[in-house]
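These notes concern the structure reproduced below.
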Amino acid sequence: MIRVSQPGTKHQMNGARAEEMQGPRLYLLLATAAVSGEFHLQTQDTTQVAAVGSHTFLPCTLASPQSLSELRLHWFRSLYHSTIFLLDAGKENKEQQSPEYSGRTSLRSNPESGDLTLELHNVSLSDADTYHCLVENITSKRYKEAVTDLNVIGLGSVPVLGVSLEDDSIAISFDTSDWFPLPVMRWTINGGKVETYDLEIHNQTNGLYQVRSRILLNRSSDGHVYGAVRHPVTGKEVGVHMEIAGDVFPRLSSWLFAFVFILVILTAGAIFSSFYLWKQKSQREELTRTIGDLASEVAWRTAVMTPEYITLCPETAHPELSVSSDLTTLINEPPGGDPVPSNSRFETERSCLGLPAFSSGCHYWEVELGGCLEWAVGVASPEVRRRGHAYMFSPEEHIWCISRFMQDFKALDTPEASLPEGVAQMDRVGVYLNLSRSREITFYNPRNWEKLYTFTNVGRTSGTVLPFFWLGKNGNRVKLTSRDKR
C-alpha cells in the first residue's frame with residue numbers, strides 16, 4: 001500500500017489521507033514541472049517484513065535530487081509527532097526524535113544522492129506499524145509523502161524433542177519458542193494427519209510465543225511419525241522425523257527402555273552437532289575480527305611511516321591570521337596589506353583549512369604546537385560554516401577536532417570529552433585519518449603514541465574532509481611538520 005500527498009500547502013497529518021494505490025511493486029513517479037521547487041519521490045516494496053532482533057530498510061528515494069539545504073526530511077510512524085528521523089536543511093535533528101528510536105535509526109547512504117532510505121536497527125515487535133517518508137521543499141512549501149508498512153515476525157527456535165513412558169505407550173513431546181505470529185502445529189503418522197494431540201501456547205515476556213505439543217504412540221502407531229510447526233508469514237516449517245517400528249512396543253519393558261535410550265542418544269547427538277557447528281562459526285567470526293584488527297594495524301603503521309605532506313590554504317585563513325611563505329605555519333597576526341577577497345575565507349572563527357582534501361584511504365600528519373596556549377587541530381568538511389554568527393566547534397558543525405583553551409584540553413565532540421592527563425606537556429600532536437568503512441580520526445601524542453581521542457562517522461555527509469586549524473587570541477602559532485623532519 002502506498003499513499004501520496006498532492007503538491008500544495010503542507011497538509012494536516014490528522015486530515016484525510018491521499019489516494020491509495022495497491023500492487024505487488026509500485027513506483028511513485030511525479031513528472032517534473034516547470035515550477036521552481038517541484039520534485040518527486042519513488043519507492044518500492046511498500047510492505048516490509050523483518051525478524052525480531054534484525055535490522056531492516058524502509059525505502060524512499062528522491063527521484064530528482066535537490067540540494068539538502070532546500071529540503072526537510074521527516075520519517076514518522078502513524079502519527080506525525082511520532083518522529084523517527086528528522087533531517088532539516090541537511091542537518092539531523094535529534095531533539096525531536098522519539099526516545100525509543102535513539103541510536104537505532106540512520107540513513108542508508110548519503111542523502112545528497114537522493115537515497116532517503118531509513119535503516120532501522122534491532123527491530124522489536126513494537127516497531128510494527130505504518131511508516132511515512134515526508135519530504136518538503138522549504139522554499140516552495142511543496143511536499144511529497146511515501147508510505148511503507150512494516151510487519152515484524154519471530155522466526156522461532158529449533159524444536160526440542162522429549163520422550164517419556166506411559167504404561168505400554170510412548171509420549172513424544174515437541175517444544176519450540178520465539179514465534180510470531182502464532183505458528184501452525186501438525187503431526188502426521190505415515191502421511192496421515194493426526195487429529196488428536198495436546199497443544200499448549202504460552203506468551204513469552206518479549207511478546208513472542210512458545211509452542212508445546214504432545215502425542216501418545218501405541219502399538220498401532222508404527223511407521224513414519226512427523227511433528228512440525230509452520231510460520232504463517234514466511235511458510236518456513238521446522239519439524240522432526242521419526243521411524244517407529246512395531247516391535248518397539250514389546251510386552252517386555254527392556255525393549256521399551258532400549259528404544260527410549262536410542263532416542264535419547266540420537267537427541268544428544270543432534271544437540272552435540274548443533275553445538276559443534278555453533279562453536280565453529282564463533283571461531284570463524286573471531287578469526288575474521290583478528291584479521292580485521294591486523295589489517296587496521298598495518299594500515300596505521302603504513303600511514304605513520306609515510307606521513308602526508310600537508311600545506312595551509314591562505315585563501316581560507318581568517319583576516320587576523322597569516323600563513324608563512326612555505327605554507328606550513330599559521331601565525332597569530334594579520335598579513336601585510338588587506339587579505340585577498342575570497343568566498344572560502346573564515347570571517348567568524350579564527351580558522352584556516354589545509355590541503356589536500358581526503359575522501360578515502362588512511363592518512364597521517366603531525367602539527368607542532370610549541371608553547372601555543374589556544375589551538376584546535378583536526379579536520380572539517382568542505383561545507384563547514386565560514387561566516388555568520390559565532391558557533392562552537394562540533395561534528396554537527398562538520399568539524400572533528402581536539403583543542404586547548406589555556407589550561408582546558410578537550411575533544412570537541414557531542415558531548416565534549418576531556419583529554420588524558422599529561423597532554424599539557426605535549427609539544428606536537430599526531431593526526432591519523434582512516435576513511436575506510438568506520439571513517440575515524442584518531443589523535444596521538446607522537447612522543448609515546450598515547451591515544452588521545454577518536455571520532456567516528458567523520459565526513460559522512462560530504463564524503464570529503466580537509467585538515468583544520470584554529471588559533472585563539474592567546475595562541476602564537478602552529479606549524480605543520482615537514483616530511484624531511486620525520
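If you're wondering about the labels, chains in the C-alpha cells are A, B, ... by order shown, residues count from 1 in each chain, ligands from 1 in order shown.
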(request) Do a neighbour search on Val163 (chain A) at 9 Å with only C-alpha atoms, toss out local chain neighbours closer than 4 positions, and write the hits as a PyMOL selection string. (result) chain A and resi 170-173+260+263-264
(request) Would you mind listing what lies within 7 Å of region 65-73 of chain A as a ChimeraX atom specification, with only C-alpha atoms counted and same-chain residues fewer than 5 positions away left out? (result) /A:86-90,112-114,134-139
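Closest approach to Pro159 (chain A) among A:Ile271, A:Val52, A:Leu471, A:Leu62 is made by A:Ile271 (distances from only C-alpha atoms).
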(request) Using DSSP on the backbone, list every residue of region 297-449 of chain A that comes out as strand (DSSP E or B), and give them as a PyMOL selection string. (result) chain A and resi 311-312+322-323+329-331+351-355+358+362-368+374-380+399-405+408-411+417-418+428-434+440-445
(message) Can you tell me which residues surround Glu397 (chain A) at a distance of at most 8 Å, considering only C-alpha atoms, apart from same-chain residues fewer than 5 positions away, and format the answer as a PyMOL selection string?
(response) chain A and resi 384-385+392
(request) In Å, rounded to a single decimal, give me how far CA of Leu125 (chain A) is from CA of Pro181 (chain A). (result) 10.2 Å
(request) Skip Arg212 (chain A) itself and residues of its chain fewer than 5 positions away, then list as a PyMOL selection string all residues within 7 Å of it, counting only C-alpha atoms. (result) chain A and resi 174-176+199-201
(message) What's the separation between CA of Ser418 (chain A) and CA of Glu368 (chain A), in Å to one decimal place?
(response) 20.5 Å
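For Glu315 (chain A), the non-local neighbours within 12 Å, defined as residues at least 5 positions apart in the same chain or in other chains and counting only C-alpha atoms, are Leu321, Ser322, Val323, Leu327, Pro335, Pro339, Val340, Pro341, Ser342, Asn343, Ser344, Arg345, Phe346, Glu347, Ser351, Cys352, Leu353, Gly354, Leu355 and Arg386 of chain A.
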(message) List the spatial neighbours of Ala268 (chain A) as a VMD selection string - criterion: any atom at most 12 Å away, only C-alpha atoms, same-chain residues fewer than 6 positions off excluded.
(response) chain A and resid 160 to 162 261 to 262 274 to 275
Requested write-out: C-alpha atoms of the selected residues, as a CSV table (one decimal), in the first residue's frame:
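Dumped everything to part-v1.csv:
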```csv
chain,number,residue,atom,x,y,z
A,160,VAL,CA,13.4,-29.7,21.5
A,161,LEU,CA,12.2,-33.3,21.4
A,162,GLY,CA,11.2,-35.1,24.6
A,261,PHE,CA,17.7,-45.0,25.2
A,262,ILE,CA,18.3,-44.9,21.4
A,274,SER,CA,24.5,-28.2,16.8
A,275,PHE,CA,26.9,-27.1,19.5
```
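When CA of Ser381 (chain A) is paired with CA of Leu120 (chain A), their separation reads 26.4 Å.
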(message) List as JSON, numbers by chain the protein and nucleic acid residues near Gln210 (chain A), meaning an atom at most 7 Å away when only C-alpha atoms are counted, but skip any in the same chain fewer than 5 places from it.
(response) {"A": [176, 177, 178, 179, 201, 202, 203, 204]}
Just-selected residues, N, CA and C atoms written as a PDB file, in the first residue's frame:
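Below is the file selection.pdb, written as the result:
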```pdb
ATOM      1  N   THR A 176       9.056 -25.626  21.211  1.00  0.00           N
ATOM      2  CA  THR A 176       9.795 -24.594  20.467  1.00  0.00           C
ATOM      3  C   THR A 176       9.300 -23.222  20.900  1.00  0.00           C
ATOM      4  N   SER A 177      10.134 -22.191  20.759  1.00  0.00           N
ATOM      5  CA  SER A 177       9.803 -20.846  21.261  1.00  0.00           C
ATOM      6  C   SER A 177      10.190 -19.776  20.233  1.00  0.00           C
ATOM      7  N   ASP A 178       9.939 -18.493  20.606  1.00  0.00           N
ATOM      8  CA  ASP A 178      10.315 -17.309  19.820  1.00  0.00           C
ATOM      9  C   ASP A 178       9.611 -17.251  18.471  1.00  0.00           C
ATOM     10  N   TRP A 179       8.284 -17.484  18.471  1.00  0.00           N
ATOM     11  CA  TRP A 179       7.494 -17.405  17.238  1.00  0.00           C
ATOM     12  C   TRP A 179       6.561 -16.197  17.282  1.00  0.00           C
ATOM     13  N   ILE A 201      -0.043 -23.146  24.303  1.00  0.00           N
ATOM     14  CA  ILE A 201       0.524 -21.890  23.784  1.00  0.00           C
ATOM     15  C   ILE A 201       0.838 -20.995  24.975  1.00  0.00           C
ATOM     16  N   HIS A 202       2.061 -20.504  25.057  1.00  0.00           N
ATOM     17  CA  HIS A 202       2.475 -19.623  26.157  1.00  0.00           C
ATOM     18  C   HIS A 202       2.997 -18.304  25.586  1.00  0.00           C
ATOM     19  N   ASN A 203       2.596 -17.200  26.217  1.00  0.00           N
ATOM     20  CA  ASN A 203       3.127 -15.885  25.859  1.00  0.00           C
ATOM     21  C   ASN A 203       4.426 -15.637  26.610  1.00  0.00           C
ATOM     22  N   GLN A 204       5.510 -15.382  25.876  1.00  0.00           N
ATOM     23  CA  GLN A 204       6.794 -15.070  26.499  1.00  0.00           C
ATOM     24  C   GLN A 204       6.832 -13.606  26.925  1.00  0.00           C
TER      25      GLN A 204
END
```
Please produce, as JSON lines, a per-residue contact table for region 167-197 of chain A versus region 227-237 of chain A (criterion: any atom at most 6 Å away, only C-alpha atoms considered), showing the nearest atom pair and its distance in Å to one decimal, sorted by chain then residue number.
```
{"residue": "A:Pro183", "atom": "CA", "partner": "A:His231", "partner_atom": "CA", "distance": 4.9}
{"residue": "A:Val184", "atom": "CA", "partner": "A:Arg230", "partner_atom": "CA", "distance": 5.2}
{"residue": "A:Met185", "atom": "CA", "partner": "A:Val229", "partner_atom": "CA", "distance": 4.5}
{"residue": "A:Arg186", "atom": "CA", "partner": "A:Ala228", "partner_atom": "CA", "distance": 5.6}
{"residue": "A:Trp187", "atom": "CA", "partner": "A:Gly227", "partner_atom": "CA", "distance": 4.5}
```
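All residues within region 284-476 of chain A that the backbone DSSP calculation assigns to alpha helix (DSSP H) are Arg284, Glu285, Glu286, Leu287, Thr288, Arg289, Thr290, Ile291, Gly292, Asp293, Leu294, Ala295, Ser296, Glu297, Val298, Ala299, Trp300, Arg301, Thr302, Ala303, Val304 and Met305 of chain A.
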Just the selected residues (N, CA, C and O atoms), exported as a PDB file, in the first residue's frame, please.
```
ATOM      1  N   ARG A 284      35.259 -18.908  13.485  1.00  0.00           N
ATOM      2  CA  ARG A 284      35.463 -18.186  12.218  1.00  0.00           C
ATOM      3  C   ARG A 284      35.250 -16.693  12.390  1.00  0.00           C
ATOM      4  O   ARG A 284      36.003 -15.872  11.839  1.00  0.00           O
ATOM      5  N   GLU A 285      34.221 -16.333  13.166  1.00  0.00           N
ATOM      6  CA  GLU A 285      33.975 -14.904  13.400  1.00  0.00           C
ATOM      7  C   GLU A 285      35.119 -14.266  14.162  1.00  0.00           C
ATOM      8  O   GLU A 285      35.524 -13.128  13.865  1.00  0.00           O
ATOM      9  N   GLU A 286      35.667 -14.980  15.156  1.00  0.00           N
ATOM     10  CA  GLU A 286      36.803 -14.452  15.923  1.00  0.00           C
ATOM     11  C   GLU A 286      38.026 -14.283  15.025  1.00  0.00           C
ATOM     12  O   GLU A 286      38.756 -13.287  15.117  1.00  0.00           O
ATOM     13  N   LEU A 287      38.251 -15.258  14.104  1.00  0.00           N
ATOM     14  CA  LEU A 287      39.375 -15.157  13.181  1.00  0.00           C
ATOM     15  C   LEU A 287      39.194 -13.970  12.248  1.00  0.00           C
ATOM     16  O   LEU A 287      40.156 -13.240  11.960  1.00  0.00           O
ATOM     17  N   THR A 288      37.963 -13.752  11.792  1.00  0.00           N
ATOM     18  CA  THR A 288      37.694 -12.602  10.914  1.00  0.00           C
ATOM     19  C   THR A 288      37.983 -11.292  11.633  1.00  0.00           C
ATOM     20  O   THR A 288      38.570 -10.370  11.063  1.00  0.00           O
ATOM     21  N   ARG A 289      37.571 -11.205  12.915  1.00  0.00           N
ATOM     22  CA  ARG A 289      37.857  -9.994  13.683  1.00  0.00           C
ATOM     23  C   ARG A 289      39.358  -9.794  13.861  1.00  0.00           C
ATOM     24  O   ARG A 289      39.872  -8.669  13.775  1.00  0.00           O
ATOM     25  N   THR A 290      40.078 -10.886  14.127  1.00  0.00           N
ATOM     26  CA  THR A 290      41.531 -10.781  14.311  1.00  0.00           C
ATOM     27  C   THR A 290      42.205 -10.288  13.028  1.00  0.00           C
ATOM     28  O   THR A 290      43.091  -9.424  13.070  1.00  0.00           O
ATOM     29  N   ILE A 291      41.782 -10.857  11.889  1.00  0.00           N
ATOM     30  CA  ILE A 291      42.357 -10.419  10.606  1.00  0.00           C
ATOM     31  C   ILE A 291      42.056  -8.950  10.368  1.00  0.00           C
ATOM     32  O   ILE A 291      42.918  -8.176   9.903  1.00  0.00           O
ATOM     33  N   GLY A 292      40.825  -8.517  10.705  1.00  0.00           N
ATOM     34  CA  GLY A 292      40.478  -7.100  10.544  1.00  0.00           C
ATOM     35  C   GLY A 292      41.334  -6.201  11.413  1.00  0.00           C
ATOM     36  O   GLY A 292      41.777  -5.134  10.972  1.00  0.00           O
ATOM     37  N   ASP A 293      41.591  -6.642  12.677  1.00  0.00           N
ATOM     38  CA  ASP A 293      42.433  -5.839  13.573  1.00  0.00           C
ATOM     39  C   ASP A 293      43.861  -5.744  13.032  1.00  0.00           C
ATOM     40  O   ASP A 293      44.492  -4.673  13.099  1.00  0.00           O
ATOM     41  N   LEU A 294      44.388  -6.857  12.509  1.00  0.00           N
ATOM     42  CA  LEU A 294      45.742  -6.840  11.957  1.00  0.00           C
ATOM     43  C   LEU A 294      45.824  -5.929  10.735  1.00  0.00           C
ATOM     44  O   LEU A 294      46.803  -5.187  10.556  1.00  0.00           O
ATOM     45  N   ALA A 295      44.780  -5.967   9.891  1.00  0.00           N
ATOM     46  CA  ALA A 295      44.763  -5.097   8.702  1.00  0.00           C
ATOM     47  C   ALA A 295      44.742  -3.627   9.117  1.00  0.00           C
ATOM     48  O   ALA A 295      45.432  -2.791   8.522  1.00  0.00           O
ATOM     49  N   SER A 296      43.963  -3.318  10.175  1.00  0.00           N
ATOM     50  CA  SER A 296      43.923  -1.934  10.667  1.00  0.00           C
ATOM     51  C   SER A 296      45.280  -1.507  11.216  1.00  0.00           C
ATOM     52  O   SER A 296      45.724  -0.371  11.008  1.00  0.00           O
ATOM     53  N   GLU A 297      45.949  -2.422  11.921  1.00  0.00           N
ATOM     54  CA  GLU A 297      47.273  -2.119  12.469  1.00  0.00           C
ATOM     55  C   GLU A 297      48.281  -1.859  11.353  1.00  0.00           C
ATOM     56  O   GLU A 297      49.093  -0.915  11.426  1.00  0.00           O
ATOM     57  N   VAL A 298      48.243  -2.675  10.287  1.00  0.00           N
ATOM     58  CA  VAL A 298      49.155  -2.476   9.153  1.00  0.00           C
ATOM     59  C   VAL A 298      48.888  -1.136   8.483  1.00  0.00           C
ATOM     60  O   VAL A 298      49.827  -0.391   8.132  1.00  0.00           O
ATOM     61  N   ALA A 299      47.593  -0.793   8.300  1.00  0.00           N
ATOM     62  CA  ALA A 299      47.253   0.481   7.661  1.00  0.00           C
ATOM     63  C   ALA A 299      47.749   1.656   8.491  1.00  0.00           C
ATOM     64  O   ALA A 299      48.276   2.640   7.956  1.00  0.00           O
ATOM     65  N   TRP A 300      47.605   1.563   9.831  1.00  0.00           N
ATOM     66  CA  TRP A 300      48.061   2.641  10.703  1.00  0.00           C
ATOM     67  C   TRP A 300      49.578   2.793  10.638  1.00  0.00           C
ATOM     68  O   TRP A 300      50.099   3.904  10.497  1.00  0.00           O
ATOM     69  N   ARG A 301      50.300   1.695  10.734  1.00  0.00           N
ATOM     70  CA  ARG A 301      51.763   1.778  10.695  1.00  0.00           C
ATOM     71  C   ARG A 301      52.255   2.294   9.349  1.00  0.00           C
ATOM     72  O   ARG A 301      53.225   3.071   9.283  1.00  0.00           O
ATOM     73  N   THR A 302      51.608   1.877   8.263  1.00  0.00           N
ATOM     74  CA  THR A 302      51.999   2.367   6.942  1.00  0.00           C
ATOM     75  C   THR A 302      51.806   3.877   6.839  1.00  0.00           C
ATOM     76  O   THR A 302      52.666   4.601   6.318  1.00  0.00           O
ATOM     77  N   ALA A 303      50.661   4.363   7.359  1.00  0.00           N
ATOM     78  CA  ALA A 303      50.392   5.803   7.303  1.00  0.00           C
ATOM     79  C   ALA A 303      51.397   6.587   8.142  1.00  0.00           C
ATOM     80  O   ALA A 303      51.876   7.653   7.729  1.00  0.00           O
ATOM     81  N   VAL A 304      51.742   6.078   9.340  1.00  0.00           N
ATOM     82  CA  VAL A 304      52.686   6.782  10.209  1.00  0.00           C
ATOM     83  C   VAL A 304      54.075   6.824   9.581  1.00  0.00           C
ATOM     84  O   VAL A 304      54.799   7.826   9.696  1.00  0.00           O
ATOM     85  N   MET A 305      54.486   5.747   8.914  1.00  0.00           N
ATOM     86  CA  MET A 305      55.809   5.699   8.290  1.00  0.00           C
ATOM     87  C   MET A 305      55.895   6.566   7.041  1.00  0.00           C
ATOM     88  O   MET A 305      56.987   6.963   6.625  1.00  0.00           O
TER      89      MET A 305
END
```
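Proximity to Thr481 (chain A) was assessed for A:Val211, A:Val367, A:Leu116, A:Val194 counting only C-alpha atoms; the smallest distance is recorded for A:Val367.
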(request) Select, from A:Trp375, A:Phe393, A:Phe358, A:Tyr432, the residue with the minimum atom-to-atom distance to Gly463 (chain A), counting only C-alpha atoms. (result) A:Phe358
